[in-house]
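Everything below concerns the one structure shown next.
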Amino acid sequence: MTVEQLATVGNVVDRDYHHVTKRIWPGRPLVLPETYLKWYQLSRADRLIDPADDAEARTFLAEDVAAGRLPITGDIGFVIHHLSGEHIHLLLVCTWRDNNEMWETTYLKDARQNHPFSLMPQTTHRGVICVWEFGAVAHEHQAWTRYLRSNRDAAAKLAYTESQVTGTI
């Protein structure tokens, strides 16, 4: 491919887009009967996730699992609670299955509306994760790979649960 040909592809970034730095930090895990999920909060440093919104997200997920709408019983993984902009809350629920696969369910809530979280619409070609969420996913990839290469005993599983990322992305 030539430089001229490259000029016609990948033009998906608006000229007025300004990329900001976000902050990620671990929260207390969401421990449910037979399910363990590390918890991350992700937002701009000047727009932290309100504790009430985080509590609502945790309750929502616990209820979805208990009702069987989110079939992750027996799974281990992580959640990214991302405050995108000022009002959009995303919940990326990721679990490890089939030895080495990350499975994901994504929920969305617009805080300006009085609606609960809902599943992201499924389309043929859809967004998966943004560059900020990828920071947590990249860390989790490394942590799970260390677990897979270990004896996979209780101590290794504990080491996986204790390995979390924090900082700027």
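In the structure tokens, each chain is lettered A, B, ... as it comes, each chain's residues begin at 1, and ligands are numbered from 1 in order of appearance.
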- Please identify all polymer residues within 12 Å of range 149-157 of chain A, counting only C-alpha atoms, omitting same-chain residues fewer than 6 positions from it, and present them as a PyMOL selection string. chain A and resi 36+76-77+99-100+142-143+163
Selection file, all heavy atoms, as a PDB file, in the first residue's frame:
```
ATOM      1  N   TYR A  36     -16.780 -14.469  40.601  1.00  0.00           N
ATOM      2  CA  TYR A  36     -15.852 -13.485  41.138  1.00  0.00           C
ATOM      3  C   TYR A  36     -15.454 -12.538  40.018  1.00  0.00           C
ATOM      4  O   TYR A  36     -14.919 -12.967  38.994  1.00  0.00           O
ATOM      5  CB  TYR A  36     -14.591 -14.152  41.706  1.00  0.00           C
ATOM      6  CG  TYR A  36     -13.658 -13.172  42.366  1.00  0.00           C
ATOM      7  CD1 TYR A  36     -13.707 -12.971  43.738  1.00  0.00           C
ATOM      8  CD2 TYR A  36     -12.749 -12.426  41.621  1.00  0.00           C
ATOM      9  CE1 TYR A  36     -12.853 -12.059  44.347  1.00  0.00           C
ATOM     10  CE2 TYR A  36     -11.899 -11.515  42.227  1.00  0.00           C
ATOM     11  CZ  TYR A  36     -11.963 -11.334  43.583  1.00  0.00           C
ATOM     12  OH  TYR A  36     -11.138 -10.429  44.194  1.00  0.00           O
ATOM     13  N   ILE A  76     -14.955 -16.420  36.490  1.00  0.00           N
ATOM     14  CA  ILE A  76     -14.062 -15.451  37.116  1.00  0.00           C
ATOM     15  C   ILE A  76     -13.674 -14.450  36.028  1.00  0.00           C
ATOM     16  O   ILE A  76     -13.547 -14.824  34.861  1.00  0.00           O
ATOM     17  CB  ILE A  76     -12.819 -16.133  37.727  1.00  0.00           C
ATOM     18  CG1 ILE A  76     -12.009 -15.154  38.581  1.00  0.00           C
ATOM     19  CG2 ILE A  76     -11.972 -16.803  36.655  1.00  0.00           C
ATOM     20  CD1 ILE A  76     -10.941 -15.835  39.433  1.00  0.00           C
ATOM     21  N   GLY A  77     -13.536 -13.194  36.396  1.00  0.00           N
ATOM     22  CA  GLY A  77     -13.195 -12.193  35.398  1.00  0.00           C
ATOM     23  C   GLY A  77     -13.161 -10.802  35.991  1.00  0.00           C
ATOM     24  O   GLY A  77     -12.740 -10.607  37.133  1.00  0.00           O
ATOM     25  N   ASN A  99     -10.685 -22.167  28.547  1.00  0.00           N
ATOM     26  CA  ASN A  99      -9.237 -22.136  28.760  1.00  0.00           C
ATOM     27  C   ASN A  99      -8.619 -20.761  28.557  1.00  0.00           C
ATOM     28  O   ASN A  99      -7.930 -20.267  29.420  1.00  0.00           O
ATOM     29  CB  ASN A  99      -8.490 -23.132  27.856  1.00  0.00           C
ATOM     30  CG  ASN A  99      -8.905 -24.551  28.106  1.00  0.00           C
ATOM     31  OD1 ASN A  99      -9.159 -24.938  29.240  1.00  0.00           O
ATOM     32  ND2 ASN A  99      -8.973 -25.334  27.050  1.00  0.00           N
ATOM     33  N   ASN A 100      -8.836 -20.127  27.412  1.00  0.00           N
ATOM     34  CA  ASN A 100      -8.065 -18.925  27.094  1.00  0.00           C
ATOM     35  C   ASN A 100      -8.884 -17.857  26.373  1.00  0.00           C
ATOM     36  O   ASN A 100      -8.322 -17.009  25.701  1.00  0.00           O
ATOM     37  CB  ASN A 100      -6.852 -19.302  26.243  1.00  0.00           C
ATOM     38  CG  ASN A 100      -7.257 -20.052  24.984  1.00  0.00           C
ATOM     39  OD1 ASN A 100      -8.404 -20.011  24.560  1.00  0.00           O
ATOM     40  ND2 ASN A 100      -6.312 -20.749  24.387  1.00  0.00           N
ATOM     41  N   GLN A 142      -2.524 -10.016  30.479  1.00  0.00           N
ATOM     42  CA  GLN A 142      -1.251 -10.425  31.076  1.00  0.00           C
ATOM     43  C   GLN A 142      -1.469 -11.214  32.365  1.00  0.00           C
ATOM     44  O   GLN A 142      -0.811 -12.233  32.600  1.00  0.00           O
ATOM     45  CB  GLN A 142      -0.372  -9.198  31.346  1.00  0.00           C
ATOM     46  CG  GLN A 142       0.118  -8.516  30.098  1.00  0.00           C
ATOM     47  CD  GLN A 142       1.074  -9.391  29.307  1.00  0.00           C
ATOM     48  OE1 GLN A 142       1.884 -10.130  29.871  1.00  0.00           O
ATOM     49  NE2 GLN A 142       0.967  -9.331  27.993  1.00  0.00           N
ATOM     50  N   ALA A 143      -2.403 -10.757  33.208  1.00  0.00           N
ATOM     51  CA  ALA A 143      -2.664 -11.437  34.478  1.00  0.00           C
ATOM     52  C   ALA A 143      -3.219 -12.841  34.242  1.00  0.00           C
ATOM     53  O   ALA A 143      -2.827 -13.800  34.929  1.00  0.00           O
ATOM     54  CB  ALA A 143      -3.634 -10.609  35.327  1.00  0.00           C
ATOM     55  N   SER A 163      -4.083  -9.035  41.163  1.00  0.00           N
ATOM     56  CA  SER A 163      -3.372  -8.271  40.138  1.00  0.00           C
ATOM     57  C   SER A 163      -4.335  -7.319  39.458  1.00  0.00           C
ATOM     58  O   SER A 163      -5.205  -7.749  38.703  1.00  0.00           O
ATOM     59  CB  SER A 163      -2.749  -9.227  39.115  1.00  0.00           C
ATOM     60  OG  SER A 163      -2.122  -8.490  38.097  1.00  0.00           O
TER      61      SER A 163
END
```
Hey, what's within 8 Å of range 114-130 of chain A if we count only C-alpha atoms and toss same-chain stuff fewer than 6 positions away? As a compact mmCIF listing (two decimals) with C-alpha atoms, in the first residue's frame, please?
```txt
# COMPACT_ATOMS: atom_id res chain seq x y z
CA ALA A 57 -24.21 -0.79 38.66
CA PHE A 60 -27.89 -4.27 38.59
CA THR A 105 -21.33 -8.55 27.83
CA THR A 106 -21.72 -4.77 27.59
CA TYR A 107 -24.41 -2.66 29.24
CA LEU A 108 -25.19 1.03 28.75
```
- Message: Please extract the residues of chain A with a backbone DSSP assignment of strand (DSSP E) and present them as a PyMOL selection string.
- Response: chain A and resi 22-32+35-44+76-84+88-97+101-110+118-119+167-168
Quick one: residues within 12 Å of range 47-53 of chain A, only C-alpha atoms, excluding same-chain residues fewer than 4 positions away - as a JSON list (two decimals) with N, CA, C and O atoms, in the first residue's frame?
```
[["chain", "number", "residue", "atom", "x", "y", "z"],
["A", 21, "THR", "N", -6.67, 12.23, 28.65],
["A", 21, "THR", "CA", -6.16, 11.15, 29.50],
["A", 21, "THR", "C", -7.25, 10.80, 30.50],
["A", 21, "THR", "O", -7.92, 11.68, 31.04],
["A", 22, "LYS", "N", -7.42, 9.52, 30.74],
["A", 22, "LYS", "CA", -8.37, 9.07, 31.75],
["A", 22, "LYS", "C", -7.62, 8.31, 32.83],
["A", 22, "LYS", "O", -6.46, 7.97, 32.69],
["A", 23, "ARG", "N", -8.34, 8.06, 33.91],
["A", 23, "ARG", "CA", -7.76, 7.38, 35.06],
["A", 23, "ARG", "C", -8.54, 6.10, 35.31],
["A", 23, "ARG", "O", -9.76, 6.09, 35.21],
["A", 24, "ILE", "N", -7.81, 5.04, 35.63],
["A", 24, "ILE", "CA", -8.43, 3.77, 35.99],
["A", 24, "ILE", "C", -7.96, 3.37, 37.37],
["A", 24, "ILE", "O", -6.80, 3.60, 37.73],
["A", 25, "TRP", "N", -8.86, 2.83, 38.16],
["A", 25, "TRP", "CA", -8.48, 2.37, 39.48],
["A", 25, "TRP", "C", -9.37, 1.21, 39.88],
["A", 25, "TRP", "O", -10.53, 1.13, 39.46],
["A", 27, "GLY", "N", -11.75, -1.06, 42.16],
["A", 27, "GLY", "CA", -12.71, -0.97, 43.25],
["A", 27, "GLY", "C", -12.77, -2.32, 43.94],
["A", 27, "GLY", "O", -12.06, -3.25, 43.56],
["A", 40, "TYR", "N", -13.19, -2.42, 38.05],
["A", 40, "TYR", "CA", -12.43, -1.22, 37.71],
["A", 40, "TYR", "C", -13.39, -0.06, 37.49],
["A", 40, "TYR", "O", -14.48, -0.24, 36.95],
["A", 41, "GLN", "N", -12.95, 1.12, 37.90],
["A", 41, "GLN", "CA", -13.65, 2.36, 37.55],
["A", 41, "GLN", "C", -12.75, 3.13, 36.59],
["A", 41, "GLN", "O", -11.54, 3.20, 36.81],
["A", 42, "LEU", "N", -13.36, 3.67, 35.57],
["A", 42, "LEU", "CA", -12.62, 4.38, 34.53],
["A", 42, "LEU", "C", -13.35, 5.67, 34.21],
["A", 42, "LEU", "O", -14.55, 5.65, 33.92],
["A", 43, "SER", "N", -12.63, 6.80, 34.29],
["A", 43, "SER", "CA", -13.25, 8.09, 33.98],
["A", 43, "SER", "C", -12.15, 9.14, 33.82],
["A", 43, "SER", "O", -10.99, 8.89, 34.13],
["A", 57, "ALA", "N", -24.78, 0.14, 39.65],
["A", 57, "ALA", "CA", -24.21, -0.79, 38.66],
["A", 57, "ALA", "C", -23.97, -2.16, 39.29],
["A", 57, "ALA", "O", -24.28, -3.19, 38.68],
["A", 58, "ARG", "N", -23.45, -2.19, 40.49],
["A", 58, "ARG", "CA", -23.19, -3.46, 41.18],
["A", 58, "ARG", "C", -24.49, -4.21, 41.46],
["A", 58, "ARG", "O", -24.59, -5.42, 41.24],
["A", 59, "THR", "N", -25.49, -3.48, 41.94],
["A", 59, "THR", "CA", -26.79, -4.10, 42.22],
["A", 59, "THR", "C", -27.41, -4.64, 40.94],
["A", 59, "THR", "O", -27.93, -5.76, 40.91],
["A", 60, "PHE", "N", -27.34, -3.85, 39.87],
["A", 60, "PHE", "CA", -27.89, -4.27, 38.59],
["A", 60, "PHE", "C", -27.25, -5.59, 38.14],
["A", 60, "PHE", "O", -27.95, -6.53, 37.75],
["A", 80, "ILE", "N", -15.44, -3.45, 33.89],
["A", 80, "ILE", "CA", -14.97, -2.08, 33.73],
["A", 80, "ILE", "C", -16.20, -1.19, 33.78],
["A", 80, "ILE", "O", -17.08, -1.31, 32.92],
["A", 81, "HIS", "N", -16.31, -0.35, 34.81],
["A", 81, "HIS", "CA", -17.39, 0.63, 34.90],
["A", 81, "HIS", "C", -16.81, 1.94, 34.37],
["A", 81, "HIS", "O", -16.03, 2.60, 35.04],
["A", 82, "HIS", "N", -17.19, 2.28, 33.15],
["A", 82, "HIS", "CA", -16.61, 3.42, 32.44],
["A", 82, "HIS", "C", -17.62, 4.56, 32.38],
["A", 82, "HIS", "O", -18.70, 4.40, 31.81],
["A", 83, "LEU", "N", -17.26, 5.69, 32.97],
["A", 83, "LEU", "CA", -18.04, 6.91, 32.79],
["A", 83, "LEU", "C", -17.49, 7.59, 31.55],
["A", 83, "LEU", "O", -16.41, 8.16, 31.57],
["A", 84, "SER", "N", -18.23, 7.49, 30.47],
["A", 84, "SER", "CA", -17.81, 8.03, 29.19],
["A", 84, "SER", "C", -18.46, 9.39, 29.02],
["A", 84, "SER", "O", -19.68, 9.50, 28.94],
["A", 85, "GLY", "N", -17.65, 10.42, 29.00],
["A", 85, "GLY", "CA", -18.21, 11.77, 28.97],
["A", 85, "GLY", "C", -18.79, 12.10, 30.33],
["A", 85, "GLY", "O", -18.27, 11.70, 31.36],
["A", 86, "GLU", "N", -19.89, 12.84, 30.32],
["A", 86, "GLU", "CA", -20.50, 13.26, 31.59],
["A", 86, "GLU", "C", -21.64, 12.38, 32.04],
["A", 86, "GLU", "O", -21.95, 12.33, 33.23],
["A", 87, "HIS", "N", -22.29, 11.66, 31.10],
["A", 87, "HIS", "CA", -23.55, 11.01, 31.44],
["A", 87, "HIS", "C", -23.64, 9.53, 31.08],
["A", 87, "HIS", "O", -24.55, 8.86, 31.53],
["A", 88, "ILE", "N", -22.76, 9.04, 30.25],
["A", 88, "ILE", "CA", -22.89, 7.68, 29.76],
["A", 88, "ILE", "C", -22.07, 6.72, 30.62],
["A", 88, "ILE", "O", -20.85, 6.88, 30.77],
["A", 89, "HIS", "N", -22.75, 5.74, 31.18],
["A", 89, "HIS", "CA", -22.11, 4.70, 31.97],
["A", 89, "HIS", "C", -22.10, 3.42, 31.15],
["A", 89, "HIS", "O", -23.15, 2.97, 30.67],
["A", 90, "LEU", "N", -20.92, 2.84, 31.00],
["A", 90, "LEU", "CA", -20.77, 1.56, 30.33],
["A", 90, "LEU", "C", -20.31, 0.53, 31.35],
["A", 90, "LEU", "O", -19.45, 0.83, 32.19],
["A", 91, "LEU", "N", -20.88, -0.65, 31.27],
["A", 91, "LEU", "CA", -20.42, -1.76, 32.09],
["A", 91, "LEU", "C", -19.95, -2.86, 31.15],
["A", 91, "LEU", "O", -20.75, -3.42, 30.41],
["A", 109, "LYS", "N", -25.96, 2.86, 30.11],
["A", 109, "LYS", "CA", -26.96, 3.68, 30.79],
["A", 109, "LYS", "C", -26.63, 5.15, 30.56],
["A", 109, "LYS", "O", -25.49, 5.57, 30.75],
["A", 110, "ASP", "N", -27.63, 5.91, 30.17],
["A", 110, "ASP", "CA", -27.50, 7.36, 30.05],
["A", 110, "ASP", "C", -28.07, 7.96, 31.32],
["A", 110, "ASP", "O", -29.28, 7.85, 31.58],
["A", 111, "ALA", "N", -27.24, 8.58, 32.13],
["A", 111, "ALA", "CA", -27.65, 9.10, 33.43],
["A", 111, "ALA", "C", -28.68, 10.23, 33.31],
["A", 111, "ALA", "O", -29.36, 10.55, 34.27],
["A", 116, "PRO", "N", -32.94, 2.00, 33.61],
["A", 116, "PRO", "CA", -31.87, 1.15, 34.13],
["A", 116, "PRO", "C", -30.84, 0.85, 33.04],
["A", 116, "PRO", "O", -31.03, 1.21, 31.87],
["A", 117, "PHE", "N", -29.78, 0.17, 33.42],
["A", 117, "PHE", "CA", -28.81, -0.30, 32.43],
["A", 117, "PHE", "C", -29.52, -1.20, 31.44],
["A", 117, "PHE", "O", -30.47, -1.91, 31.78]]
```
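Between CA of Arg146 in chain A and CA of Pro33 in chain A lies a distance of 25.1 Å.
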- Task: Show which residues sit within 10 Å of range 66-71 of chain A, as a ChimeraX atom specification. Count only C-alpha atoms, and ignore same-chain residues fewer than 2 positions away.
- Result: /A:32-33,60-64,73-75,93,105
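The smallest atom-to-atom distance between Leu148 in chain A and any of A:Lys38, A:Arg28, A:Arg97, A:His19, using only C-alpha atoms, is found for A:Arg97.
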- Message: Can you tell me which residues surround Leu37 in chain A at a distance of at most 7 Å, considering only C-alpha atoms, apart from same-chain residues fewer than 2 positions away, and format the answer as a PyMOL selection string?
- Response: chain A and resi 29-31+35+39+76-79
- Can you work out the spacing between CA of His139 in chain A and CA of Gln164 in chain A in Å, to one decimal? 7.4 Å
